[in-house]
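Source file: start.csv (CSV, C-alpha atoms and all ligand atoms)
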```csv
chain,number,residue,atom,x,y,z
A,1,MET,CA,0.0,0.0,0.0
A,2,ASN,CA,1.5,3.3,-1.0
A,3,GLU,CA,0.7,6.3,1.2
A,4,ILE,CA,1.8,9.9,1.4
A,5,GLY,CA,3.6,10.4,4.6
A,6,LYS,CA,3.3,13.4,6.8
A,7,PRO,CA,5.9,16.1,6.1
A,8,ILE,CA,9.2,15.2,7.8
A,9,LYS,CA,11.8,17.7,8.9
A,10,ILE,CA,15.3,16.6,8.0
A,11,THR,CA,18.3,18.5,9.2
A,12,ASN,CA,21.4,18.4,7.2
A,13,ASN,CA,24.5,20.4,7.6
A,14,ILE,CA,23.2,23.3,5.5
A,15,ALA,CA,19.5,23.9,6.6
A,16,PRO,CA,16.5,21.9,7.8
A,17,ILE,CA,14.4,20.7,4.9
A,18,ILE,CA,10.8,19.6,4.9
A,19,ILE,CA,10.0,16.6,2.7
A,20,ARG,CA,6.7,14.9,2.0
A,21,PRO,CA,7.6,11.3,1.2
A,22,ILE,CA,5.4,8.9,-0.7
A,23,VAL,CA,6.0,5.6,1.2
A,24,ALA,CA,5.1,2.0,1.0
A,25,LEU,CA,4.7,0.0,4.2
A,26,SER,CA,6.4,-3.3,4.6
A,27,SER,CA,5.3,-6.1,6.9
A,28,ASP,CA,8.0,-5.3,9.4
A,29,GLY,CA,6.5,-1.9,10.0
A,30,LEU,CA,9.2,0.0,8.2
A,31,ALA,CA,8.4,2.4,5.4
A,32,PHE,CA,10.2,2.7,2.1
A,33,ILE,CA,10.5,6.1,0.5
A,34,ILE,CA,9.2,5.7,-3.1
A,35,SER,CA,9.6,9.4,-4.0
A,36,VAL,CA,9.9,12.7,-2.3
A,37,ASN,CA,8.9,16.1,-3.5
A,38,ALA,CA,11.9,17.9,-2.1
A,39,ALA,CA,14.7,15.5,-1.4
A,40,PRO,CA,17.6,16.7,0.6
A,41,PRO,CA,21.1,15.6,-0.7
A,42,GLY,CA,21.6,11.9,0.0
A,43,THR,CA,17.9,10.9,0.2
A,44,LYS,CA,17.2,8.4,-2.5
A,45,SER,CA,14.2,6.5,-3.6
A,46,GLY,CA,14.2,3.1,-2.0
A,47,LYS,CA,16.0,4.3,1.1
A,48,LYS,CA,14.7,2.4,4.2
A,49,ILE,CA,13.7,4.7,7.0
A,50,LYS,CA,11.7,4.4,10.2
A,51,LEU,CA,8.6,6.5,10.2
A,52,ALA,CA,6.0,7.1,12.9
A,53,VAL,CA,3.2,5.3,11.0
A,54,LYS,CA,-0.2,6.9,11.8
A,55,LYS,CA,-3.0,4.7,13.0
A,56,SER,CA,-4.9,5.4,9.8
A,57,LEU,CA,-2.4,3.5,7.8
A,58,THR,CA,-3.0,0.3,9.8
A,59,ALA,CA,-5.8,-2.1,9.6
A,60,GLY,CA,-8.6,-1.6,12.1
A,61,ALA,CA,-8.3,2.2,12.4
A,62,ALA,CA,-11.6,4.1,12.7
A,63,PRO,CA,-12.9,5.5,9.4
A,64,LYS,CA,-12.3,9.2,9.0
A,65,LYS,CA,-15.5,11.2,8.4
A,66,ILE,CA,-15.1,13.5,5.4
A,67,ILE,CA,-18.5,15.1,4.8
A,68,LYS,CA,-22.2,14.3,5.4
A,69,VAL,CA,-23.8,12.6,2.4
A,70,SER,CA,-26.7,15.1,2.6
A,71,LYS,CA,-24.2,17.9,1.9
A,72,PHE,CA,-22.5,16.2,-1.0
A,73,PRO,CA,-24.9,15.5,-3.8
A,74,VAL,CA,-24.3,13.5,-7.0
A,75,GLY,CA,-22.1,15.6,-9.3
A,76,ALA,CA,-20.2,17.2,-6.4
A,77,SER,CA,-16.5,17.4,-5.9
A,78,GLN,CA,-14.4,18.8,-3.1
A,79,GLN,CA,-10.9,18.9,-1.7
A,80,PHE,CA,-10.3,17.4,1.7
A,81,VAL,CA,-7.5,16.4,4.0
A,82,ALA,CA,-6.9,12.6,3.9
A,83,ALA,CA,-6.3,10.7,7.1
A,84,ASN,CA,-2.5,10.9,6.6
A,85,GLY,CA,-2.7,14.7,6.4
A,86,ALA,CA,-2.2,15.0,2.7
A,87,PRO,CA,-4.5,16.9,0.3
A,88,ALA,CA,-7.0,14.8,-1.6
A,89,PHE,CA,-10.1,15.2,-3.9
A,90,LEU,CA,-13.4,13.6,-3.4
A,91,PHE,CA,-16.0,13.0,-6.1
A,92,ARG,CA,-19.6,11.7,-6.1
A,93,THR,CA,-21.3,10.3,-9.2
A,94,LYS,CA,-24.4,8.2,-9.8
A,95,THR,CA,-22.3,5.2,-9.1
A,96,GLY,CA,-20.9,6.3,-5.8
A,97,VAL,CA,-18.1,8.1,-4.2
A,98,PHE,CA,-14.4,7.9,-5.0
A,99,ALA,CA,-11.2,9.9,-4.1
A,100,TYR,CA,-7.6,10.5,-5.1
A,101,SER,CA,-4.6,11.9,-3.5
A,102,ALA,CA,-3.9,15.4,-4.8
A,103,ILE,CA,-0.2,14.7,-4.9
A,104,CYS,CA,1.1,14.7,-8.5
A,105,THR,CA,2.9,11.5,-9.4
A,106,HIS,CA,5.5,13.4,-11.4
A,107,GLN,CA,7.3,15.4,-8.7
A,108,GLY,CA,4.8,15.8,-5.9
A,109,CYS,CA,3.1,19.1,-6.4
A,110,THR,CA,-0.5,19.5,-5.4
A,111,VAL,CA,-3.0,19.1,-8.3
A,112,GLU,CA,-6.1,21.2,-8.7
A,113,TYR,CA,-9.5,20.2,-10.0
A,114,LEU,CA,-10.7,22.1,-13.1
A,115,LYS,CA,-14.5,21.6,-13.0
A,116,ALA,CA,-14.9,22.9,-16.6
A,117,GLY,CA,-12.5,20.4,-18.0
A,118,LYS,CA,-13.4,17.7,-15.5
A,119,LYS,CA,-9.8,17.0,-14.9
A,120,LEU,CA,-7.2,17.3,-12.2
A,121,VAL,CA,-4.3,19.5,-13.3
A,122,CYS,CA,-0.8,20.0,-11.8
A,123,PRO,CA,0.3,23.6,-11.7
A,124,CYS,CA,4.0,22.7,-11.7
A,125,HIS,CA,4.5,21.0,-15.1
A,126,ARG,CA,0.9,20.8,-16.3
A,127,ALA,CA,0.3,17.1,-16.1
A,128,SER,CA,-3.4,16.3,-16.1
A,129,PHE,CA,-5.4,13.3,-14.7
A,130,ASP,CA,-8.8,12.0,-15.3
A,131,PRO,CA,-10.7,11.5,-12.0
A,132,PHE,CA,-13.5,9.7,-13.8
A,133,ASN,CA,-11.2,7.1,-15.3
A,134,GLY,CA,-9.1,5.8,-12.4
A,135,GLY,CA,-7.0,9.0,-12.0
A,136,LYS,CA,-5.1,8.1,-15.2
A,137,VAL,CA,-2.7,10.5,-16.8
A,138,ILE,CA,-4.3,12.4,-19.6
A,139,SER,CA,-1.2,14.5,-20.6
A,140,GLY,CA,2.1,15.6,-19.2
A,141,GLU,CA,5.2,13.9,-17.7
A,142,ALA,CA,3.5,12.0,-14.9
A,143,LYS,CA,4.1,8.3,-15.4
A,144,GLY,CA,1.3,6.9,-13.2
A,145,PRO,CA,-2.2,7.6,-12.1
A,146,LEU,CA,-3.0,9.5,-8.9
A,147,ALA,CA,-3.1,7.3,-5.8
A,148,LYS,CA,-6.6,6.1,-5.1
A,149,ILE,CA,-8.0,6.7,-1.6
A,150,ASN,CA,-10.6,4.3,-0.4
A,151,VAL,CA,-13.8,6.1,0.5
A,152,SER,CA,-17.4,4.8,1.1
A,153,ILE,CA,-20.7,5.9,2.5
A,154,LYS,CA,-21.4,4.8,6.0
A,155,SER,CA,-24.2,5.9,8.4
A,156,GLY,CA,-24.9,9.1,6.4
A,157,TRP,CA,-21.3,10.1,6.0
A,158,VAL,CA,-18.7,9.8,3.3
A,159,VAL,CA,-15.8,8.2,5.1
A,160,GLN,CA,-12.2,7.3,4.4
A,161,SER,CA,-11.9,3.6,5.2
B,1,LIG,S1,5.0,17.8,-10.4
B,1,LIG,FE1,3.1,17.6,-11.4
B,1,LIG,S2,3.6,17.7,-13.5
B,1,LIG,FE2,5.5,17.9,-12.5
```
Represent the structure from my file as structure tokens, please.
Ligand code: FES
Amino acid sequence: MNEIGKPIKITNNIAPIIIRPIVALSSDGLAFIISVNAAPPGTKSGKKIKLAVKKSLTAGAAPKKIIKVSKFPVGASQQFVAANGAPAFLFRTKTGVFAYSAICTHQGCTVEYLKAGKKLVCPCHRASFDPFNGGKVISGEAKGPLAKINVSIKSGWVVQS
């Protein structure tokens, strides 16, 4: 499972740097950095680090309430903060609710939703993604789709499960 980690402050011998790593959790509880949006010198993809893994990344965590279903009609979309603290976008169509991380898979900028074009667009290098087709890349340098976030409707709420 890939997740976007909380920002981490790393101090090197020049200045502290804040990174927002995209990590994968291994069975031993360690996290592997897959990519970072502002890597300090010496931080490489694949480097094994210990992270304080939030409860929300582990099985059995309570679902995070995002918005009441009654306030989020079919056709609606909105930005929200995912359980891991990262920005994300939520959509509702006739078939249900779905959500994606707003972290661009190119170099980690935050994408924006353009309602007129019905696409998520990255302001950094203009990659665009189709939220109605699995978050797939429409154009630009991003190689992979936006990370999907599991959401569902439970007891009158849209929740992140
Ligand atoms: S970081 Fe999004 S297109 Fe480059």
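Proximity of A:Tyr100, A:Phe80, A:Phe129, A:Phe89 to ligand LIG 1 (chain B), computed with only C-alpha atoms and all ligand atoms, is greatest for A:Phe129.
Residues lying at most 9 Å from (-13.2, 6.4, -6.9) in file coordinates, with all atoms listed in the file considered, are Leu90, Phe91, Arg92, Gly96, Val97, Phe98, Ala99, Tyr100, Pro131, Phe132, Asn133, Gly134, Gly135, Lys148, Ile149, Asn150 and Val151 of chain A.
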Saved selection, atoms kept: C-alpha atoms, as a compact mmCIF listing (two decimals), in the frame of the given file:
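Result file out31.txt:
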```txt
# COMPACT_ATOMS: atom_id res chain seq x y z
CA LEU A 90 -13.40 13.60 -3.40
CA PHE A 91 -16.00 13.00 -6.10
CA ARG A 92 -19.60 11.70 -6.10
CA GLY A 96 -20.90 6.30 -5.80
CA VAL A 97 -18.10 8.10 -4.20
CA PHE A 98 -14.40 7.90 -5.00
CA ALA A 99 -11.20 9.90 -4.10
CA TYR A 100 -7.60 10.50 -5.10
CA PRO A 131 -10.70 11.50 -12.00
CA PHE A 132 -13.50 9.70 -13.80
CA ASN A 133 -11.20 7.10 -15.30
CA GLY A 134 -9.10 5.80 -12.40
CA GLY A 135 -7.00 9.00 -12.00
CA LYS A 148 -6.60 6.10 -5.10
CA ILE A 149 -8.00 6.70 -1.60
CA ASN A 150 -10.60 4.30 -0.40
CA VAL A 151 -13.80 6.10 0.50
```
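Distances here use all atoms listed in the file; by that measure, the residue among A:His106, A:Lys64, A:Lys136, A:Lys115 closest to ligand LIG 1 (chain B) is A:His106.
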Nearby polymer residues, ligand LIG 1 (chain B), at most 9 Å, all atoms listed in the file, as a ChimeraX atom specification: /A:37,103-111,121-128,140-142
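For the choices A:Lys119, A:Pro63, A:Lys94, A:Ser101, the atom-to-atom distance to Gln79 in chain A is smallest for A:Ser101 when using only C-alpha atoms.
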Within 10 Å of Ser70 in chain A using all atoms listed in the file, minus same-chain residues under 5 positions, as number ranges by chain: A: 156-158
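Between Val81 in chain A and the residues A:Ala62, A:Ala102, A:Ile153, A:Val69, the shortest atom-to-atom distance, using all atoms listed in the file, involves A:Ala102.
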What separation in Å, quoted to one decimal, exists between CA of Asp130 in chain A and CA of Gln160 in chain A?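 Taking CA of Asp130 in chain A as the start and CA of Gln160 in chain A as the end point, the length is 20.5 Å.
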Just the number, please: distance in Å from CA of Ser152 in chain A to CA of Phe72 in chain A, one decimal. 12.7 Å
Quick one: pull the distance between CA of Ala82 in chain A and CA of Thr95 in chain A, Å, one decimal.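 Going from CA of Ala82 in chain A over to CA of Thr95 in chain A, I get 21.5 Å.
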With distances taken over all atoms listed in the file, which of A:Val159, A:Thr93, A:Gly117, A:Ala88 is nearest to Ile66 in chain A?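 Counting all atoms listed in the file, the residue closest to Ile66 in chain A is A:Val159.
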